[in-house]
file protein_2.cif (mmCIF, C-alpha atoms)
data_protein
loop_
_atom_site.label_atom_id
_atom_site.label_comp_id
_atom_site.auth_asym_id
_atom_site.auth_seq_id
_atom_site.Cartn_x
_atom_site.Cartn_y
_atom_site.Cartn_z
CA MET A 750 -61.11 32.91 43.36
CA THR A 751 -58.10 31.38 45.09
CA ASP A 752 -56.91 33.26 48.16
CA ILE A 753 -53.50 34.76 47.50
CA LEU A 754 -50.66 35.60 49.82
CA MET A 755 -50.00 39.25 50.71
CA PRO A 756 -53.01 40.69 48.84
CA LYS A 757 -52.18 44.35 49.54
CA ALA A 758 -48.54 43.94 48.56
CA THR A 759 -49.68 42.21 45.37
CA ALA A 760 -52.14 45.03 44.68
CA VAL A 761 -49.35 47.58 45.14
CA TRP A 762 -47.24 45.76 42.53
CA LEU A 763 -50.12 45.46 40.06
CA VAL A 764 -50.96 49.16 40.40
CA ASP A 765 -47.33 50.15 39.78
CA ASN A 766 -46.55 47.68 37.00
CA THR A 767 -49.73 47.09 35.00
CA SER A 768 -52.50 49.05 33.30
CA MET A 769 -55.30 46.95 34.75
CA THR A 770 -58.44 48.57 36.15
CA PHE A 771 -59.07 48.90 39.84
CA GLU A 772 -61.87 46.32 39.53
CA GLN A 773 -59.53 43.76 37.97
CA ILE A 774 -56.91 44.22 40.66
CA ALA A 775 -59.52 44.20 43.42
CA ASP A 776 -61.06 40.97 42.10
CA PHE A 777 -57.69 39.22 41.94
CA CYS A 778 -56.47 40.42 45.35
CA GLY A 779 -59.77 40.09 47.19
CA LEU A 780 -59.95 43.82 47.97
CA HIS A 781 -62.54 46.53 47.43
CA PRO A 782 -62.06 48.69 44.32
CA LEU A 783 -61.99 51.82 46.49
CA GLU A 784 -59.18 50.28 48.51
CA VAL A 785 -57.22 49.71 45.31
CA LYS A 786 -57.93 53.31 44.31
CA GLY A 787 -56.58 54.41 47.68
CA ILE A 788 -53.39 52.43 46.97
CA ALA A 789 -53.05 54.17 43.60
CA ASP A 790 -53.58 57.58 45.22
CA GLY A 791 -51.01 56.85 47.91
CA GLU A 792 -53.56 56.94 50.72
CA VAL A 793 -53.48 53.22 51.49
CA ALA A 794 -50.53 50.85 51.98
CA ARG A 795 -47.94 53.60 51.52
CA ASP A 796 -45.33 51.67 53.53
CA ILE A 797 -46.01 48.30 51.89
CA ARG A 798 -43.53 47.07 49.34
CA GLY A 799 -45.04 45.54 46.21
CA ALA A 800 -44.92 41.76 45.77
CA ASP A 801 -44.63 40.30 42.27
CA PRO A 802 -47.36 37.61 41.93
CA ILE A 803 -45.51 36.06 38.97
CA ALA A 804 -42.24 35.72 40.89
CA ASN A 805 -43.93 34.10 43.90
CA GLY A 806 -45.85 31.65 41.73
CA GLN A 807 -49.37 33.02 42.18
CA LEU A 808 -49.94 34.30 38.63
CA SER A 809 -48.79 33.34 35.16
CA ARG A 810 -47.48 35.79 32.60
CA GLU A 811 -50.22 34.73 30.18
CA GLU A 812 -52.95 35.65 32.68
CA LEU A 813 -51.36 39.03 33.28
CA ASP A 814 -51.15 39.78 29.54
CA LYS A 815 -54.79 38.81 29.04
CA ALA A 816 -55.90 41.14 31.81
CA ASN A 817 -53.79 44.00 30.43
CA ASN A 818 -55.37 43.62 26.99
CA ASP A 819 -58.96 43.12 28.16
CA PRO A 820 -60.37 45.34 30.96
CA LYS A 821 -63.25 42.91 31.47
CA TYR A 822 -61.03 39.87 31.93
CA ARG A 823 -60.64 38.50 35.43
CA MET A 824 -57.35 36.81 36.21
CA LYS A 825 -57.21 33.33 37.70
CA ALA A 826 -54.57 32.78 40.36
CA LEU A 827 -52.31 29.77 40.31
CA VAL A 828 -52.44 27.40 43.25
CA SER A 829 -49.51 28.53 45.37
CA ARG A 830 -47.40 25.79 46.92
CA HIS A 831 -46.69 28.09 49.86
CA ALA A 832 -50.37 28.86 50.35
CA GLU A 833 -51.17 25.16 50.46
CA LEU A 834 -48.50 24.62 53.10
CA LEU A 835 -49.86 27.46 55.22
CA LYS A 836 -53.41 26.14 55.23
CA PRO A 837 -54.36 24.70 58.62
CA SER A 838 -54.57 20.96 58.40
CA LYS A 839 -57.70 19.35 59.77
CA LYS A 840 -56.94 16.96 62.56
CA ALA A 841 -57.61 13.42 61.47
CA PRO A 842 -59.74 11.14 63.64
CA ARG A 843 -57.76 9.30 66.29
CA TYR A 844 -56.51 5.99 65.01
CA THR A 845 -56.25 3.15 67.49
CA PRO A 846 -54.22 0.09 66.47
CA VAL A 847 -56.20 -3.12 66.20
CA SER A 848 -54.18 -4.65 69.01
CA ARG A 849 -55.26 -1.84 71.33
CA ARG A 850 -58.94 -1.62 70.44
CA GLN A 851 -59.86 -4.39 72.83
CA ASP A 852 -58.50 -2.22 75.67
CA ARG A 853 -60.86 0.68 75.04
CA PRO A 854 -63.74 -0.70 77.16
CA ASP A 855 -61.33 -0.89 80.12
CA ALA A 856 -60.35 2.74 79.56
CA ILE A 857 -64.01 3.76 79.26
CA ALA A 858 -64.77 2.03 82.57
CA TRP A 859 -61.86 3.91 84.16
CA PHE A 860 -63.27 7.27 83.03
CA LEU A 861 -66.78 6.40 84.20
CA ARG A 862 -65.53 5.42 87.65
CA ASN A 863 -62.88 8.08 88.27
CA HIS A 864 -64.05 11.07 86.23
CA PRO A 865 -67.84 11.13 85.88
CA GLU A 866 -67.63 14.85 85.09
CA ILE A 867 -66.14 14.06 81.67
CA THR A 868 -68.88 13.80 79.05
CA ASP A 869 -69.44 10.86 76.74
CA ALA A 870 -68.58 13.08 73.78
CA GLN A 871 -65.19 13.92 75.28
CA ILE A 872 -64.45 10.27 76.05
CA SER A 873 -65.53 9.26 72.56
CA LYS A 874 -63.26 11.83 70.93
CA LEU A 875 -60.28 11.06 73.15
CA LEU A 876 -60.41 7.28 72.84
CA GLY A 877 -61.72 7.10 69.28
CA THR A 878 -64.77 5.11 70.33
CA THR A 879 -68.53 5.54 69.99
CA LYS A 880 -71.17 6.78 72.40
CA ALA A 881 -73.00 3.48 72.00
CA THR A 882 -69.98 1.59 73.31
CA ILE A 883 -69.72 3.97 76.27
CA LEU A 884 -73.40 3.44 77.06
CA GLN A 885 -72.97 -0.34 76.91
CA VAL A 886 -70.02 -0.21 79.31
CA ARG A 887 -71.97 2.05 81.69
CA ASP A 888 -75.08 -0.17 81.61
CA ARG A 889 -72.97 -3.36 81.66
CA THR A 890 -74.66 -4.58 78.49
CA HIS A 891 -71.37 -4.81 76.61
CA TRP A 892 -70.73 -8.26 75.14
CA ASN A 893 -67.54 -8.53 77.21
CA ALA A 894 -68.89 -6.85 80.35
CA ALA A 895 -67.79 -9.68 82.62
CA ASN A 896 -64.14 -9.10 81.73
CA ILE A 897 -64.09 -5.29 81.67
CA LYS A 898 -61.92 -3.78 84.40
CA PRO A 899 -61.17 -0.05 84.86
CA VAL A 900 -57.63 0.62 83.67
CA ASP A 901 -55.85 3.95 83.23
CA PRO A 902 -55.86 4.81 79.48
CA VAL A 903 -52.30 6.13 79.78
CA THR A 904 -51.16 2.74 81.06
CA LEU A 905 -52.96 1.10 78.16
CA GLY A 906 -51.16 3.39 75.73
CA LEU A 907 -54.39 4.82 74.30
CA VAL A 908 -53.64 8.44 75.28
CA THR A 909 -50.72 10.46 76.58
CA GLN A 910 -50.52 11.86 80.09
CA LEU A 911 -50.74 15.41 78.70
CA GLU A 912 -53.96 14.60 76.81
CA LEU A 913 -55.48 13.03 79.91
CA ASP A 914 -54.52 15.97 82.14
CA ASP A 915 -55.93 18.42 79.60
CA ILE A 916 -59.34 16.75 79.30
CA VAL A 917 -59.65 16.33 83.09
CA LYS A 918 -58.81 20.00 83.60
CA LYS A 919 -61.34 21.16 81.01
CA ALA A 920 -64.08 18.98 82.48
CA ALA A 921 -63.36 20.25 86.01
CA GLU A 922 -63.47 23.88 84.87
CA LYS A 923 -66.76 23.32 83.04
CA ARG A 924 -68.29 21.67 86.09
CA ALA A 925 -67.14 24.54 88.32
CA ARG A 926 -68.74 27.07 85.98
CA GLU A 927 -72.03 25.15 85.97
CA GLU A 928 -72.08 24.95 89.77
CA ALA A 929 -71.31 28.65 90.02
CA LYS A 930 -74.29 29.42 87.76
CA LYS A 931 -76.60 27.36 89.95
CA GLY A 932 -75.43 29.34 93.00
CA GLY A 933 -76.81 26.88 95.51
CA GLY A 934 -76.71 27.84 99.21
CA ALA A 935 -75.83 31.07 100.94
CA THR A 936 -73.21 33.27 99.41
CA LEU A 937 -70.64 35.44 101.10
CA LYS A 938 -71.43 39.13 101.12
CA PRO A 939 -68.91 41.64 99.83
CA ALA A 940 -66.62 43.08 102.49
CA ALA A 941 -68.04 46.60 102.01
CA GLU A 942 -71.61 45.43 102.64
CA ALA A 943 -70.58 43.36 105.65
CA GLY A 944 -68.69 46.32 107.14
CA ALA A 945 -71.63 48.64 106.59
CA GLU A 946 -73.98 46.25 108.40
CA GLU A 947 -71.60 46.07 111.37
CA VAL A 948 -71.49 49.87 111.57
CA VAL A 949 -75.31 50.05 111.52
CA GLU A 950 -75.56 47.44 114.28
CA ASP A 951 -73.00 49.29 116.44
CA GLU A 952 -74.87 52.58 116.02
CA ALA A 953 -78.17 50.91 116.91
CA ALA A 954 -76.65 49.41 120.06
CA HIS A 955 -75.14 52.78 120.99
CA ASP A 956 -78.51 54.54 120.56
CA ASP A 957 -80.25 51.97 122.76
CA GLY A 958 -77.67 52.44 125.51
CA HIS A 959 -77.97 56.22 125.29
CA GLU A 960 -81.76 56.09 125.63
CA ASP A 961 -81.50 53.83 128.72
CA HIS A 962 -79.04 56.25 130.29
CA GLU A 963 -81.37 59.23 129.72
CA ALA A 964 -84.29 57.32 131.21
CA GLU A 965 -82.28 56.65 134.38
CA THR A 966 -81.24 60.30 134.76
CA HIS A 967 -84.88 61.50 134.51
CA GLU A 968 -85.88 59.26 137.41
CA ALA A 969 -84.18 61.32 140.14
CA PRO A 970 -84.64 59.94 143.70
CA ALA A 971 -86.60 62.06 146.25
CA HIS A 972 -84.06 63.02 148.95
CA ASP A 973 -86.22 65.36 151.10
CA VAL A 974 -89.94 64.99 151.57
CA GLU A 975 -91.92 67.29 153.92
CA ASP A 976 -94.74 65.96 156.07
CA ASP A 977 -97.97 67.74 156.84
CA ASP A 978 -96.39 69.46 159.88
CA GLY A 979 -93.63 70.98 157.80
CA ASP A 980 -90.96 68.73 159.38
CA ASP A 981 -88.45 67.20 157.13
CA LEU A 982 -88.42 63.46 156.92
CA HIS A 983 -84.97 62.01 156.37
#
call {"tool": "encode", "arguments": {"input": "protein_2.cif", "output": "structure tokens"}}
result
Amino acid sequence: MTDILMPKATAVWLVDNTSMTFEQIADFCGLHPLEVKGIADGEVARDIRGADPIANGQLSREELDKANNDPKYRMKALVSRHAELLKPSKKAPRYTPVSRRQDRPDAIAWFLRNHPEITDAQISKLLGTTKATILQVRDRTHWNAANIKPVDPVTLGLVTQLELDDIVKKAAEKRAREEAKKGGGATLKPAAEAGAEEVVEDEAAHDDGHEDHEAETHEAPAHDVEDDDGDDLH
């Protein structure tokens, strides 16, 4: 079944203007029969205005009459010109003029030297080249390796500055995420944990000082000592 525009609005119109079964309407609109029943009962799509599928070019009068006369008949939608225009177009592969294709190895060399974080797949997609060519440029096994010089692809006219900035940014972000996952080296502790450790250290130092002070007070010096004769020695 062809996808139709405004399926609920179309179902509202068919419920109000035809004698078709809920199953017929549901099949044409891509809805569940219970949902169509809810529309008929006023429980679903109460604020939606009906859309005539014949007027907007999605259904022929003949198909509608057949469905009205035969409860088992399933209507076939017409291919809507508007629906075709709204379909997302698949991006075509990048086309590089013949006169520019000889410059691609220079652009590949520029990426390999200045942005090693960009993958071969990204370079291949951006420049419209192959991974084999990239490998040959990297290994210097390309048939024209002696004449390959790194040149900015924007200068060569192979890409725009916006496209280049976008791919460099994406590659840098991906590399940063990968390095963050590895988590190499010591990491900074949260401020709360660091503050708590400082408090514990200060309390420990205070306790040590307090114990030393108590030990000194218990060692009182002997001021008066009596000799065997009962005389005081000063």
call {"tool": "closest_residue", "arguments": {"input": "protein_2.cif", "among": "A:Ala870, A:Ala894, A:Val886, A:Ala881", "to": "Ile916 (chain A)", "atoms": "all atoms listed in the file"}}
result
A:Ala870
call {"tool": "closest_residue", "arguments": {"input": "protein_2.cif", "among": "A:Glu928, A:Asp752, A:Asp790, A:Asp915", "to": "Gln807 (chain A)", "atoms": "all atoms listed in the file"}}
result
A:Asp752
call {"tool": "closest_residue", "arguments": {"input": "protein_2.cif", "among": "A:Arg810, A:Val761, A:Phe860, A:Val785", "to": "Val903 (chain A)", "atoms": "only C-alpha atoms"}}
result
A:Phe860
call {"tool": "resolve_selection", "arguments": {"input": "protein_2.cif", "expression": "the PyMOL selection byres ((chain A and resi 858) around 8)", "output": "list in words"}}
result
Pro854, Asp855, Ala856, Ile857, Trp859, Phe860, Leu861, Arg862, Val886, Arg887, Ile897, Lys898, Pro899 and Val900 of chain A
call {"tool": "residues_near_point", "arguments": {"input": "protein_2.cif", "point": "(-56.2, 17.4, 78.8)", "cutoff": "12 Å", "atoms": "only C-alpha atoms", "output": "PyMOL selection string"}}
result
chain A and resi 867+871-872+874-875+903+908-922
call {"tool": "resolve_selection", "arguments": {"input": "protein_2.cif", "expression": "the PyMOL selection byres ((chain A and resi 800-806) around 9)", "output": "PyMOL selection string"}}
result
chain A and resi 753-763+798-799+807-810+813+826-831
call {"tool": "write_last_selection", "arguments": {"input": "protein_2.cif", "atoms": "C-alpha atoms", "output": "mmCIF file, keeping the file's coordinate frame"}}
result
data_model
loop_
_atom_site.group_PDB
_atom_site.id
_atom_site.type_symbol
_atom_site.label_atom_id
_atom_site.label_comp_id
_atom_site.auth_asym_id
_atom_site.auth_seq_id
_atom_site.Cartn_x
_atom_site.Cartn_y
_atom_site.Cartn_z
ATOM 1 C CA ILE A 753 -53.500 34.760 47.500
ATOM 2 C CA LEU A 754 -50.660 35.600 49.820
ATOM 3 C CA MET A 755 -50.000 39.250 50.710
ATOM 4 C CA PRO A 756 -53.010 40.690 48.840
ATOM 5 C CA LYS A 757 -52.180 44.350 49.540
ATOM 6 C CA ALA A 758 -48.540 43.940 48.560
ATOM 7 C CA THR A 759 -49.680 42.210 45.370
ATOM 8 C CA ALA A 760 -52.140 45.030 44.680
ATOM 9 C CA VAL A 761 -49.350 47.580 45.140
ATOM 10 C CA TRP A 762 -47.240 45.760 42.530
ATOM 11 C CA LEU A 763 -50.120 45.460 40.060
ATOM 12 C CA ARG A 798 -43.530 47.070 49.340
ATOM 13 C CA GLY A 799 -45.040 45.540 46.210
ATOM 14 C CA GLN A 807 -49.370 33.020 42.180
ATOM 15 C CA LEU A 808 -49.940 34.300 38.630
ATOM 16 C CA SER A 809 -48.790 33.340 35.160
ATOM 17 C CA ARG A 810 -47.480 35.790 32.600
ATOM 18 C CA LEU A 813 -51.360 39.030 33.280
ATOM 19 C CA ALA A 826 -54.570 32.780 40.360
ATOM 20 C CA LEU A 827 -52.310 29.770 40.310
ATOM 21 C CA VAL A 828 -52.440 27.400 43.250
ATOM 22 C CA SER A 829 -49.510 28.530 45.370
ATOM 23 C CA ARG A 830 -47.400 25.790 46.920
ATOM 24 C CA HIS A 831 -46.690 28.090 49.860
#
call {"tool": "atom_distance", "arguments": {"input": "protein_2.cif", "atom1": "CA of Arg823 (chain A)", "atom2": "CA of Arg795 (chain A)"}}
result
25.5 Å
call {"tool": "atom_distance", "arguments": {"input": "protein_2.cif", "atom1": "CA of Asp852 (chain A)", "atom2": "CA of Leu907 (chain A)"}}
result
8.3 Å
call {"tool": "atom_distance", "arguments": {"input": "protein_2.cif", "atom1": "CA of Met824 (chain A)", "atom2": "CA of Glu812 (chain A)"}}
result
5.8 Å
call {"tool": "axis_aligned_box", "arguments": {"input": "protein_2.cif", "around": "region 761-765 of chain A", "padding_each_side": "8 Å", "output": "JSON"}}
result
{"center_x": -49.1, "center_y": 47.8, "center_z": 42.5, "size_x": 19.7, "size_y": 20.7, "size_z": 21.4}
